[in-house]
Every structure is written in C-alpha cells, then in structure tokens.
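File shown here: target.cif, holding mmCIF, C-alpha atoms.
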data_coords
#
loop_
_atom_site.label_atom_id
_atom_site.label_comp_id
_atom_site.auth_asym_id
_atom_site.auth_seq_id
_atom_site.Cartn_x
_atom_site.Cartn_y
_atom_site.Cartn_z
CA MET A 1 0.00 0.00 0.00
CA ASP A 2 2.83 2.40 0.90
CA SER A 3 4.55 1.73 -2.41
CA LEU A 4 1.30 2.40 -4.28
CA LEU A 5 0.80 5.71 -2.43
CA ALA A 6 4.37 6.71 -3.20
CA LEU A 7 3.82 5.81 -6.84
CA MET A 8 0.69 7.96 -7.03
CA GLN A 9 2.69 10.95 -5.76
CA ASP A 10 4.93 10.73 -8.83
CA PRO A 11 3.69 13.03 -11.67
CA ALA A 12 5.25 10.70 -14.27
CA ALA A 13 3.18 7.83 -12.88
CA TRP A 14 -0.02 9.86 -13.31
CA ILE A 15 0.90 10.69 -16.91
CA ALA A 16 1.59 7.01 -17.61
CA LEU A 17 -1.70 6.04 -15.96
CA VAL A 18 -3.81 8.52 -17.94
CA THR A 19 -2.07 7.54 -21.18
CA LEU A 20 -2.62 3.84 -20.52
CA VAL A 21 -6.29 4.34 -19.60
CA VAL A 22 -6.91 6.27 -22.82
CA MET A 23 -5.06 3.62 -24.83
CA GLU A 24 -6.99 0.77 -23.22
CA VAL A 25 -10.33 2.54 -23.79
CA VAL A 26 -9.50 3.20 -27.45
CA LEU A 27 -8.37 -0.39 -27.99
CA GLY A 28 -11.54 -1.53 -26.22
CA ILE A 29 -13.72 0.12 -28.90
CA ASP A 30 -12.98 -2.77 -31.27
CA ASN A 31 -13.93 -5.30 -28.65
CA LEU A 32 -17.05 -3.39 -27.65
CA ILE A 33 -18.35 -3.23 -31.24
CA PHE A 34 -17.84 -6.99 -31.55
CA ILE A 35 -19.61 -7.65 -28.25
CA SER A 36 -22.55 -5.41 -29.21
CA ILE A 37 -23.09 -7.09 -32.59
CA LEU A 38 -22.69 -10.58 -31.11
CA THR A 39 -25.03 -10.15 -28.14
CA ASN A 40 -27.71 -8.44 -30.27
CA LYS A 41 -28.22 -11.83 -31.93
CA LEU A 42 -29.34 -13.34 -28.62
CA PRO A 43 -32.93 -13.35 -27.33
CA ALA A 44 -33.80 -9.93 -25.88
CA GLU A 45 -33.99 -11.21 -22.30
CA GLN A 46 -30.43 -12.60 -22.49
CA GLN A 47 -28.63 -9.73 -24.20
CA LYS A 48 -27.93 -7.51 -21.19
CA ARG A 49 -26.80 -10.44 -19.06
CA ALA A 50 -24.52 -11.74 -21.83
CA ARG A 51 -22.89 -8.32 -22.27
CA ARG A 52 -22.22 -7.94 -18.56
CA LEU A 53 -20.99 -11.52 -18.18
CA GLY A 54 -18.75 -11.31 -21.25
CA ILE A 55 -17.15 -8.02 -20.19
CA SER A 56 -16.76 -9.17 -16.56
CA LEU A 57 -15.03 -12.38 -17.66
CA ALA A 58 -12.88 -10.29 -20.00
CA LEU A 59 -11.77 -8.20 -16.99
CA ILE A 60 -10.85 -11.34 -15.04
CA LEU A 61 -8.97 -12.66 -18.08
CA ARG A 62 -6.97 -9.45 -18.55
CA LEU A 63 -6.06 -9.27 -14.87
CA ALA A 64 -4.99 -12.93 -14.97
CA LEU A 65 -2.82 -12.22 -18.02
CA LEU A 66 -1.15 -9.35 -16.15
CA PHE A 67 -0.03 -11.85 -13.49
CA THR A 68 1.77 -13.75 -16.26
CA ILE A 69 3.31 -10.61 -17.75
CA SER A 70 6.81 -12.10 -17.71
CA ILE A 71 5.53 -14.84 -20.03
CA ILE A 72 3.52 -12.40 -22.16
CA VAL A 73 6.62 -10.28 -22.82
CA GLN A 74 8.49 -13.35 -24.09
CA LEU A 75 5.76 -13.93 -26.69
CA THR A 76 7.54 -11.41 -28.93
CA THR A 77 10.58 -13.70 -29.31
CA PRO A 78 10.67 -15.25 -32.83
CA ILE A 79 10.17 -19.03 -32.84
CA PHE A 80 10.51 -19.65 -36.59
CA THR A 81 11.19 -17.75 -39.81
CA ALA A 82 9.06 -17.76 -42.96
CA PHE A 83 8.71 -15.32 -45.87
CA GLU A 84 11.78 -13.50 -44.49
CA HIS A 85 9.90 -12.69 -41.27
CA GLY A 86 10.55 -14.08 -37.80
CA PHE A 87 7.20 -15.19 -36.39
CA SER A 88 6.62 -15.05 -32.63
CA TRP A 89 3.74 -16.39 -30.58
CA ARG A 90 2.34 -12.84 -30.55
CA ASP A 91 2.32 -12.84 -34.36
CA ILE A 92 0.56 -16.21 -34.45
CA ILE A 93 -2.07 -15.01 -31.95
CA LEU A 94 -2.66 -11.82 -33.96
CA ILE A 95 -2.98 -13.72 -37.25
CA ALA A 96 -5.36 -16.27 -35.72
CA GLY A 97 -7.44 -13.51 -34.12
CA GLY A 98 -7.48 -11.52 -37.35
CA LEU A 99 -8.62 -14.54 -39.37
CA PHE A 100 -11.36 -15.22 -36.82
CA LEU A 101 -12.49 -11.59 -36.95
CA VAL A 102 -12.50 -11.55 -40.77
CA TRP A 103 -14.45 -14.82 -40.86
CA LYS A 104 -16.96 -13.62 -38.26
CA ALA A 105 -17.46 -10.19 -39.86
CA THR A 106 -17.86 -11.74 -43.33
CA ARG A 107 -20.38 -14.24 -41.99
CA GLU A 108 -22.39 -11.51 -40.25
CA ILE A 109 -22.30 -9.33 -43.40
CA HIS A 110 -23.67 -12.29 -45.37
CA HIS A 111 -26.49 -12.75 -42.84
CA THR A 112 -27.24 -9.04 -42.94
CA VAL A 113 -27.28 -8.78 -46.73
CA ASP A 114 -29.00 -12.12 -47.43
CA ALA A 115 -31.87 -12.02 -44.95
CA ALA A 116 -33.92 -14.70 -46.73
CA ASP A 117 -33.26 -17.26 -44.01
CA HIS A 118 -33.11 -14.85 -41.05
CA ASP A 119 -35.43 -12.31 -39.48
CA GLU A 120 -34.46 -9.00 -37.93
CA ASN A 121 -33.80 -10.62 -34.53
CA GLY A 122 -31.10 -12.94 -35.85
CA SER A 123 -33.36 -15.98 -35.85
CA ASP A 124 -33.88 -18.30 -38.78
CA ILE A 125 -37.30 -18.80 -40.39
CA THR A 126 -38.00 -21.81 -38.16
CA GLY A 127 -37.71 -19.65 -35.07
CA LYS A 128 -34.34 -20.99 -33.85
CA VAL A 129 -31.93 -18.40 -32.48
CA SER A 130 -28.70 -18.38 -34.47
CA MET A 131 -26.58 -17.68 -31.37
CA THR A 132 -26.60 -19.08 -27.85
CA MET A 133 -25.29 -17.30 -24.77
CA GLY A 134 -22.55 -19.87 -24.27
CA ALA A 135 -21.33 -19.48 -27.86
CA ALA A 136 -21.41 -15.68 -27.55
CA ILE A 137 -19.38 -15.70 -24.30
CA VAL A 138 -16.78 -18.09 -25.76
CA GLN A 139 -16.33 -15.91 -28.87
CA ILE A 140 -16.07 -12.75 -26.75
CA LEU A 141 -13.33 -14.33 -24.61
CA LEU A 142 -11.43 -15.73 -27.62
CA LEU A 143 -11.24 -12.32 -29.25
CA ASP A 144 -10.46 -10.61 -25.95
CA ILE A 145 -7.36 -12.83 -25.59
CA VAL A 146 -6.04 -11.39 -28.86
CA PHE A 147 -6.69 -7.76 -27.90
CA SER A 148 -5.43 -8.35 -24.34
CA VAL A 149 -2.08 -9.80 -25.40
CA ASP A 150 -1.52 -6.93 -27.84
CA SER A 151 -2.51 -4.22 -25.34
CA ILE A 152 -0.42 -5.70 -22.51
CA ILE A 153 2.70 -5.88 -24.70
CA THR A 154 2.07 -2.25 -25.68
CA ALA A 155 1.55 -1.28 -22.02
CA VAL A 156 4.86 -2.87 -21.02
CA GLY A 157 6.61 -0.51 -23.43
CA MET A 158 5.00 2.49 -21.69
CA THR A 159 5.52 1.71 -18.00
CA ASP A 160 7.29 -0.75 -15.73
CA HIS A 161 4.73 -0.46 -12.91
CA ILE A 162 2.32 -3.39 -12.70
CA ALA A 163 -0.01 -1.39 -10.41
CA ILE A 164 -0.54 1.23 -13.12
CA MET A 165 -1.35 -1.51 -15.65
CA PHE A 166 -3.91 -3.04 -13.28
CA ILE A 167 -5.62 0.31 -12.64
CA ALA A 168 -5.66 1.13 -16.38
CA VAL A 169 -7.21 -2.24 -17.30
CA ILE A 170 -9.88 -1.95 -14.58
CA CYS A 171 -10.80 1.62 -15.63
CA ALA A 172 -10.99 0.63 -19.31
CA VAL A 173 -13.16 -2.43 -18.70
CA LEU A 174 -15.49 -0.49 -16.39
CA THR A 175 -15.88 2.08 -19.18
CA MET A 176 -16.75 -0.75 -21.57
CA LEU A 177 -19.30 -2.05 -19.06
CA VAL A 178 -21.01 1.35 -18.88
CA ALA A 179 -20.91 1.96 -22.64
CA ALA A 180 -21.98 -1.55 -23.74
CA GLU A 181 -25.71 -1.12 -23.17
CA PRO A 182 -26.26 2.24 -24.96
CA LEU A 183 -23.96 1.22 -27.82
CA SER A 184 -25.81 -2.08 -28.33
CA LYS A 185 -29.18 -0.30 -28.34
CA PHE A 186 -27.90 2.30 -30.80
CA ILE A 187 -26.58 -0.40 -33.17
CA ALA A 188 -29.81 -2.39 -32.93
CA ALA A 189 -31.94 0.70 -33.62
CA ASN A 190 -29.93 1.73 -36.69
CA PRO A 191 -29.53 -1.10 -39.24
CA THR A 192 -27.06 0.87 -41.38
CA ILE A 193 -24.78 1.19 -38.36
CA VAL A 194 -24.58 -2.62 -38.19
CA MET A 195 -23.04 -2.80 -41.66
CA LEU A 196 -20.64 0.04 -40.83
CA ALA A 197 -19.61 -1.69 -37.60
CA LEU A 198 -19.07 -4.98 -39.44
CA GLY A 199 -16.92 -3.10 -41.94
CA PHE A 200 -14.86 -1.79 -39.00
CA LEU A 201 -14.40 -5.32 -37.68
CA LEU A 202 -13.34 -6.53 -41.13
CA MET A 203 -10.75 -3.73 -41.35
CA ILE A 204 -9.48 -4.45 -37.83
CA GLY A 205 -9.17 -8.15 -38.65
CA MET A 206 -7.09 -7.41 -41.75
CA THR A 207 -4.94 -5.04 -39.68
CA LEU A 208 -4.27 -7.77 -37.11
CA ILE A 209 -3.26 -10.19 -39.87
CA ALA A 210 -0.94 -7.59 -41.44
CA ASP A 211 0.59 -6.87 -38.03
CA GLY A 212 1.16 -10.58 -37.49
CA PHE A 213 3.07 -10.75 -40.79
CA GLY A 214 5.25 -7.81 -39.78
CA TYR A 215 3.44 -5.03 -41.63
CA HIS A 216 2.50 -2.65 -38.83
CA VAL A 217 -0.31 -0.21 -39.59
CA PRO A 218 -0.35 2.75 -37.15
CA LYS A 219 -3.48 2.60 -34.99
CA GLY A 220 -4.05 6.32 -35.60
CA TYR A 221 -4.79 5.66 -39.28
CA ILE A 222 -7.32 2.97 -38.40
CA TYR A 223 -9.20 5.05 -35.85
CA ALA A 224 -9.09 8.15 -38.07
CA ALA A 225 -10.74 6.12 -40.87
CA MET A 226 -13.33 4.78 -38.41
CA ALA A 227 -14.07 8.27 -37.08
CA PHE A 228 -14.44 9.68 -40.61
CA SER A 229 -16.80 6.85 -41.64
CA ALA A 230 -18.84 7.31 -38.47
CA LEU A 231 -19.11 11.05 -39.15
CA VAL A 232 -20.34 10.44 -42.71
CA GLU A 233 -22.90 7.92 -41.45
CA ALA A 234 -24.04 10.38 -38.77
CA LEU A 235 -24.65 12.98 -41.50
CA ASN A 236 -26.60 10.38 -43.51
CA MET A 237 -28.74 9.56 -40.47
CA LEU A 238 -29.40 13.27 -39.88
CA ALA A 239 -30.38 13.72 -43.55
CA ARG A 240 -32.76 10.73 -43.42
CA LYS A 241 -34.33 12.05 -40.23
CA ARG A 242 -34.96 15.49 -41.75
CA ARG A 243 -36.44 13.96 -44.91
CA ARG A 244 -38.91 11.97 -42.80
CA GLN A 245 -39.89 15.11 -40.92
#
Output the file's structure as structure tokens, nothing else.
Amino acid sequence: MDSLLALMQDPAAWIALVTLVVMEVVLGIDNLIFISILTNKLPAEQQKRARRLGISLALILRLALLFTISIIVQLTTPIFTAFEHGFSWRDIILIAGGLFLVWKATREIHHTVDAADHDENGSDITGKVSMTMGAAIVQILLLDIVFSVDSIITAVGMTDHIAIMFIAVICAVLTMLVAAEPLSKFIAANPTIVMLALGFLLMIGMTLIADGFGYHVPKGYIYAAMAFSALVEALNMLARKRRRQ
C-alpha cells in the first residue's frame, strides 16, 4: 500500500496512468463493437446479461494475463522464420485472431445482406436463435485474448509499474461495461450502423493479420478512418431524419 501511495505521488506515474487508460479505452472500442453485434443476436432477455458476463469475464482474463506478464513479454521472441519474417507467438495469436475476426465479420455481413433465411432478430425462419449465450461468451473471450495480449505488450513498453497496468485495465473495462448497453441499443436501432460496424471489424481483422506478418499499420490511421466513416454515417442519419420530418 505504501509503495502504491508513493507511486501515485509521482507526476510521471499519473501521466503514464492517464495515457494507458486512454489507450486501453480506445483499444476496447474494437472489442465493444464486436460484443454489441454478437449479443444483439441473442434473445432480448439474455442480451444484457450476456454483455455484462462477457465483459466481466474479459476483466478477469486481462487481470490474470497481467499476473503472467513475464511470459507475455516473451511472446515477442521469434520461434521460426518464414517469408523472411521471424514469427513469434504474438504474431501467431494476432494472425489467428485476425482470421477469426474476418471470418466472423464476413459471416455476419452475409447474414445481414442475405436475410432470406433470417429475421431482424437474428433468428432463422424456423424460429431458432442463431446464437446461444454460451457461444457468444466463448467468442467474446477468444477475441479478448487477442486484444489483451496486444494491449499488454504495448503497455509494457509504456511503463514498468504493474499497479498502473492493473488500474488502467480496470478503468478501461469499467468504461466498456457502462458503454456496452447504450452502444448495443444504438446499433440495434440503426440497421445501417450494423453494416458500418461490421466493416470496421473486417478492417481491424485485416490489420491484425498484417501486423502478425510484420506489416505494422499505425493505430491512428485505423481510428481516423473509423471516425471519418462514423461522421459520414451520422450525417446520412441526420439527412434521413430530416427527410422523414
């Protein structure tokens, strides 16, 4: 406790903490979009519970990974070379997560575009729900492992204090917990936003794959593109609203 109090009296520690919290919240946007789209396919009475359970388990997972930070850091060590690039376990995790995200986003885009076999609630024409809570939680945790490993490795490069990392992760996940419900309702109420969000996930998946192969795309470019697309869609929504009025 004394060491934590002493750490909080250091201005550099506060700067590192604020920077890490902002970084974790920004990186959590990707995860939050995925969670919102995934849980919106569940029956209405299960959606809120699934979001809270998925994000809570994600918090436990991230905190557990922080306890193994010495192992996480070693994941950047190359284990084999192919295509003139040394692949580490981090690269393999990013490529696997990117492929999963591309597959999932493509599948959801197909379901959204070709609605012949599905209704607006994500159920098929026989009334069966296309997603169960267990499947949704498992997919949330699988993707969170990918984002967690990447964010922890980035955090290690910004600070050596484990306490700051713990506080940053807790603050970021609590922000996700608060924002999950309104974001999910907003996505569900605006069908065009669903396609835009799926496009974001597709882009993020391709970015993860590129990063895994050694082609790093600055996160600022990705989020700038997302912000610009969201702004254009907001203008479209405003225009549609005024036309209806």
Given the file shown, determine the residues that the PyMOL selection byres ((chain A and resi 99) around 12) selects; report them as a ChimeraX atom specification. /A:92-98,100-106,143,146,201-210,212
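In this structure, CA of Ile193 (chain A) sits 13.0 Å away from CA of Leu238 (chain A).
In this comparison, which uses all atoms listed in the file, the residue of A:Gln245, A:Thr132, A:Gln139, A:Thr175 approaching Ile35 (chain A) most closely is A:Gln139.
Minimum atom-to-atom distance to Phe186 (chain A), evaluated using only C-alpha atoms, belongs to A:Ile33 out of A:Leu20, A:Ile33, A:Ala136, A:Leu61.
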Residues at most 8 Å from region 164-173 of chain A, counting all atoms listed in the file, excluding those fewer than 3 positions away in the same chain, as a VMD selection string? chain A and resid 13 16 to 18 20 to 22 24 to 25 28 55 to 56 58 to 59 62 to 63 66 155 159 161 176 to 177
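This file gives the following result for the PyMOL selection byres ((chain A and resi 227-230) around 12): Val26, Ile29, Thr192, Ile193, Val194, Met195, Leu196, Ala197, Gly199, Phe200, Gly220, Tyr221, Ile222, Tyr223, Ala224, Ala225, Met226, Leu231, Val232, Glu233, Ala234, Leu235, Asn236 and Met237 of chain A.
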For region 69-82 of chain A, work out the shell of residues within 8 Å, counting all atoms listed in the file and skipping chain neighbours fewer than 3 positions away, then give it as a PyMOL selection string. chain A and resi 65-66+85-91+149+152-153+156
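Taking only C-alpha atoms, the non-local environment of Leu57 (chain A) within 9 Å (same-chain residues fewer than 5 positions away omitted) comprises Arg52, Arg62, Ile137 and Leu141 of chain A.
Nearest residue to Arg240 (chain A) among A:Leu174, A:Asn190, A:Val217, A:Phe34 is A:Asn190, counting only C-alpha atoms.
Interatomic distance, CA of Phe67 (chain A) to CA of Ile162 (chain A): 8.8 Å.
Of note, CA of Ile145 (chain A) and CA of Arg51 (chain A) are spaced 16.5 Å apart.
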Between A:Lys48, A:His111, A:Lys185, A:Lys219, smallest distance to Asp30 (chain A) by only C-alpha atoms belongs to A:Lys219
Can you list what the PyMOL selection byres ((chain A and resi 39) around 12) grabs from this structure, as a ChimeraX atom specification? /A:32-38,40-55,121-122,129-140,180-181,183-185,187-188
